[in-house]
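One structure is given below, encoded as structure tokens.
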Amino acid sequence: MTIRVLLADDQTLVREAFAMLVESARDMEVVGQAATGRQAVELARGARADLVVMDIRMPDLDGIEATRLIAADEDLAGVRVLVLTTYDTDENIVDALRAGASGFLVKDTRPAELLDAIRTVAAGDSLLSPGPTARLIERFLRSPSAPATGGPECLSGREREVLALVARGLNNTEIADALGLSPLTAKTHVSRIMGKLGARDRAQLVIVAYESGMVTPGSV
């Protein structure tokens, strides 16, 4: 099945380079290119993209607001967003995850990693690597400006354990090994947690875990 990719970046050379790379993959095609966040939203609707590779800093409408509009549009429920970041300097990545992005990608990533990231997010998973993701999220959620939220009181004790491991970046198999469960049981727990917390994917579960205090800076 071909993955329909929309590229959103205000730099023409960056978009063209990404487009050439994506088109080189047999299982992908570029269905549009956007230079602003507003164009990205419009093209996501018109081109019926499966996934948007979204830069954060763009004119007219930035990538965070564009991601929020896409995530809130019921007609675009199947569209996933993979956000681009410079990591060390872009302090909006957590806001992008809150807005509905399914993960993030560092702009200087290697070509093969970009293609793998697109496949991962398009398949319904979140791009959450334990090290960089944990450090980035804890860096901004521990700041005074980070909004406080209530704890996930609706979860069982086992579900809280699973959520904490998701926040550390573990996949279902690793969670199963850590808790002595089968991979299918671990997957079921993750799905139930998403349902109870109203989370779109694992990326938003990570946000919940940090904001609720279940995972604290320095614990991962």
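As shown in the structure tokens, the chain order sets the letters A, B, ...; within each chain, residues go from 1, and ligands are also counted from 1 in the order they appear.
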Surrounding residues of region 21-33 of chain A excluding itself and chain neighbours under 3 positions, 12 Å, only C-alpha atoms, as a ChimeraX atom specification: /A:1-18,36-55,110-119,122
Could you save the residues just selected, with N, CA and C atoms, as a short mmCIF file (atom, residue, chain, number, x, y, z; two decimals), in the first residue's frame?
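Below is the file that was written, selection.cif:
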```cif
data_model
loop_
_atom_site.label_atom_id
_atom_site.label_comp_id
_atom_site.auth_asym_id
_atom_site.auth_seq_id
_atom_site.Cartn_x
_atom_site.Cartn_y
_atom_site.Cartn_z
N MET A 1 0.84 -1.19 0.00
CA MET A 1 0.00 0.00 0.00
C MET A 1 0.88 1.24 0.00
N THR A 2 0.59 2.17 -0.88
CA THR A 2 1.40 3.38 -1.01
C THR A 2 1.02 4.41 0.06
N ILE A 3 2.04 4.98 0.72
CA ILE A 3 1.83 6.01 1.72
C ILE A 3 1.83 7.37 1.02
N ARG A 4 0.74 8.10 1.16
CA ARG A 4 0.60 9.40 0.53
C ARG A 4 1.13 10.47 1.49
N VAL A 5 2.23 11.12 1.08
CA VAL A 5 2.94 12.04 1.96
C VAL A 5 2.80 13.49 1.50
N LEU A 6 2.49 14.37 2.45
CA LEU A 6 2.46 15.81 2.22
C LEU A 6 3.64 16.42 2.95
N LEU A 7 4.41 17.25 2.27
CA LEU A 7 5.58 17.89 2.85
C LEU A 7 5.31 19.35 3.12
N ALA A 8 5.51 19.79 4.36
CA ALA A 8 5.26 21.19 4.73
C ALA A 8 6.52 21.80 5.33
N ASP A 9 7.11 22.73 4.59
CA ASP A 9 8.33 23.41 5.05
C ASP A 9 8.45 24.70 4.24
N ASP A 10 8.85 25.78 4.89
CA ASP A 10 8.91 27.05 4.17
C ASP A 10 10.18 27.19 3.32
N GLN A 11 11.10 26.25 3.43
CA GLN A 11 12.31 26.29 2.63
C GLN A 11 12.17 25.38 1.41
N THR A 12 12.19 25.97 0.24
CA THR A 12 11.98 25.21 -0.99
C THR A 12 13.00 24.10 -1.17
N LEU A 13 14.25 24.38 -0.90
CA LEU A 13 15.29 23.37 -1.08
C LEU A 13 15.08 22.17 -0.15
N VAL A 14 14.64 22.44 1.05
CA VAL A 14 14.38 21.35 2.01
C VAL A 14 13.23 20.49 1.50
N ARG A 15 12.15 21.14 1.05
CA ARG A 15 11.01 20.38 0.54
C ARG A 15 11.40 19.54 -0.66
N GLU A 16 12.15 20.12 -1.57
CA GLU A 16 12.53 19.39 -2.78
C GLU A 16 13.43 18.21 -2.45
N ALA A 17 14.34 18.41 -1.50
CA ALA A 17 15.23 17.31 -1.11
C ALA A 17 14.43 16.18 -0.48
N PHE A 18 13.48 16.53 0.40
CA PHE A 18 12.64 15.51 1.02
C PHE A 18 11.77 14.82 -0.03
N THR A 36 3.51 27.00 3.85
CA THR A 36 2.98 27.58 5.08
C THR A 36 2.09 26.56 5.78
N GLY A 37 1.81 26.82 7.05
CA GLY A 37 0.93 25.93 7.79
C GLY A 37 -0.48 25.91 7.23
N ARG A 38 -0.95 27.06 6.78
CA ARG A 38 -2.30 27.13 6.22
C ARG A 38 -2.40 26.31 4.95
N GLN A 39 -1.38 26.38 4.11
CA GLN A 39 -1.37 25.56 2.91
C GLN A 39 -1.35 24.07 3.26
N ALA A 40 -0.65 23.73 4.33
CA ALA A 40 -0.57 22.33 4.76
C ALA A 40 -1.94 21.80 5.13
N VAL A 41 -2.71 22.61 5.86
CA VAL A 41 -4.06 22.19 6.25
C VAL A 41 -4.94 22.02 5.03
N GLU A 42 -4.88 22.99 4.13
CA GLU A 42 -5.70 22.93 2.92
C GLU A 42 -5.34 21.73 2.05
N LEU A 43 -4.04 21.48 1.88
CA LEU A 43 -3.62 20.36 1.06
C LEU A 43 -3.91 19.02 1.71
N ALA A 44 -3.84 18.98 3.03
CA ALA A 44 -4.18 17.74 3.73
C ALA A 44 -5.62 17.35 3.44
N ARG A 45 -6.47 18.36 3.34
CA ARG A 45 -7.87 18.11 3.03
C ARG A 45 -8.07 17.75 1.56
N GLY A 46 -7.37 18.49 0.69
CA GLY A 46 -7.59 18.29 -0.74
C GLY A 46 -6.87 17.11 -1.33
N ALA A 47 -5.66 16.84 -0.84
CA ALA A 47 -4.85 15.77 -1.43
C ALA A 47 -5.07 14.42 -0.76
N ARG A 48 -5.81 14.42 0.35
CA ARG A 48 -6.09 13.19 1.09
C ARG A 48 -4.79 12.47 1.44
N ALA A 49 -3.90 13.20 2.07
CA ALA A 49 -2.62 12.63 2.48
C ALA A 49 -2.82 11.66 3.64
N ASP A 50 -1.93 10.69 3.73
CA ASP A 50 -1.92 9.78 4.87
C ASP A 50 -1.08 10.35 6.01
N LEU A 51 -0.06 11.13 5.62
CA LEU A 51 0.87 11.64 6.61
C LEU A 51 1.41 13.00 6.16
N VAL A 52 1.56 13.89 7.13
CA VAL A 52 2.15 15.21 6.86
C VAL A 52 3.47 15.31 7.59
N VAL A 53 4.55 15.58 6.85
CA VAL A 53 5.83 15.89 7.46
C VAL A 53 5.82 17.40 7.67
N MET A 54 5.71 17.82 8.92
CA MET A 54 5.39 19.22 9.24
C MET A 54 6.53 19.95 9.93
N ASP A 55 7.01 21.00 9.30
CA ASP A 55 7.97 21.88 9.94
C ASP A 55 7.23 22.71 10.98
N ARG A 110 19.27 11.12 9.11
CA ARG A 110 19.75 10.48 7.89
C ARG A 110 18.56 10.10 7.01
N PRO A 111 18.77 10.05 5.71
CA PRO A 111 17.67 9.76 4.77
C PRO A 111 16.90 8.49 5.10
N ALA A 112 17.61 7.40 5.40
CA ALA A 112 16.93 6.14 5.70
C ALA A 112 16.06 6.26 6.94
N GLU A 113 16.51 7.06 7.91
CA GLU A 113 15.74 7.25 9.14
C GLU A 113 14.45 8.03 8.87
N LEU A 114 14.51 8.98 7.95
CA LEU A 114 13.30 9.71 7.59
C LEU A 114 12.26 8.77 6.99
N LEU A 115 12.69 7.92 6.08
CA LEU A 115 11.75 6.97 5.46
C LEU A 115 11.19 6.01 6.49
N ASP A 116 12.04 5.53 7.39
CA ASP A 116 11.56 4.62 8.44
C ASP A 116 10.57 5.33 9.36
N ALA A 117 10.85 6.61 9.64
CA ALA A 117 9.95 7.38 10.51
C ALA A 117 8.58 7.54 9.85
N ILE A 118 8.57 7.82 8.56
CA ILE A 118 7.30 7.96 7.84
C ILE A 118 6.52 6.66 7.89
N ARG A 119 7.19 5.55 7.69
CA ARG A 119 6.51 4.24 7.72
C ARG A 119 5.96 3.96 9.13
N ALA A 122 2.94 6.37 9.80
CA ALA A 122 1.83 6.05 8.91
C ALA A 122 1.16 4.74 9.31
#
```
In region 14-95 of chain A, DSSP alpha helix (DSSP H) residues written as a ChimeraX atom specification: /A:14-24,37-47,63-72,93-95
Between CA of Leu165 (chain A) and CA of Val121 (chain A), distance in Å (one decimal): 19.5 Å
Considering only C-alpha atoms, tabulate each residue of region 55-128 of chain A that lies at most 12 Å from region 199-202 of chain A along with its nearest interatomic pair and the corresponding distance in Å to one decimal; arrange the rows by chain and ascending residue number and present them as JSON lines.
```
{"residue": "A:Ala71", "atom": "CA", "partner": "A:Arg200", "partner_atom": "CA", "distance": 9.1}
{"residue": "A:Ala72", "atom": "CA", "partner": "A:Arg200", "partner_atom": "CA", "distance": 11.0}
{"residue": "A:Ala77", "atom": "CA", "partner": "A:Arg200", "partner_atom": "CA", "distance": 9.8}
{"residue": "A:Gly78", "atom": "CA", "partner": "A:Arg200", "partner_atom": "CA", "distance": 10.7}
{"residue": "A:Val79", "atom": "CA", "partner": "A:Arg200", "partner_atom": "CA", "distance": 11.4}
{"residue": "A:Arg80", "atom": "CA", "partner": "A:Arg200", "partner_atom": "CA", "distance": 10.0}
{"residue": "A:Val81", "atom": "CA", "partner": "A:Asp201", "partner_atom": "CA", "distance": 11.4}
{"residue": "A:Leu97", "atom": "CA", "partner": "A:Asp201", "partner_atom": "CA", "distance": 10.0}
{"residue": "A:Arg98", "atom": "CA", "partner": "A:Ala199", "partner_atom": "CA", "distance": 9.8}
{"residue": "A:Ala99", "atom": "CA", "partner": "A:Arg200", "partner_atom": "CA", "distance": 10.4}
{"residue": "A:Gly100", "atom": "CA", "partner": "A:Arg200", "partner_atom": "CA", "distance": 7.2}
{"residue": "A:Ala101", "atom": "CA", "partner": "A:Asp201", "partner_atom": "CA", "distance": 9.0}
{"residue": "A:Ser102", "atom": "CA", "partner": "A:Asp201", "partner_atom": "CA", "distance": 6.7}
{"residue": "A:Gly103", "atom": "CA", "partner": "A:Arg202", "partner_atom": "CA", "distance": 8.9}
{"residue": "A:Val121", "atom": "CA", "partner": "A:Asp201", "partner_atom": "CA", "distance": 10.0}
{"residue": "A:Ala122", "atom": "CA", "partner": "A:Asp201", "partner_atom": "CA", "distance": 11.9}
{"residue": "A:Ala123", "atom": "CA", "partner": "A:Asp201", "partner_atom": "CA", "distance": 11.5}
{"residue": "A:Gly124", "atom": "CA", "partner": "A:Asp201", "partner_atom": "CA", "distance": 7.8}
{"residue": "A:Asp125", "atom": "CA", "partner": "A:Asp201", "partner_atom": "CA", "distance": 7.1}
{"residue": "A:Ser126", "atom": "CA", "partner": "A:Arg202", "partner_atom": "CA", "distance": 5.8}
{"residue": "A:Leu127", "atom": "CA", "partner": "A:Arg202", "partner_atom": "CA", "distance": 8.6}
{"residue": "A:Leu128", "atom": "CA", "partner": "A:Arg202", "partner_atom": "CA", "distance": 8.1}
```
Backbone-only DSSP, strand (DSSP E or B) members of chain A, as an NGL selection string: :A and (3-8 or 28-34 or 51-55 or 80-85 or 103-106 or 127)
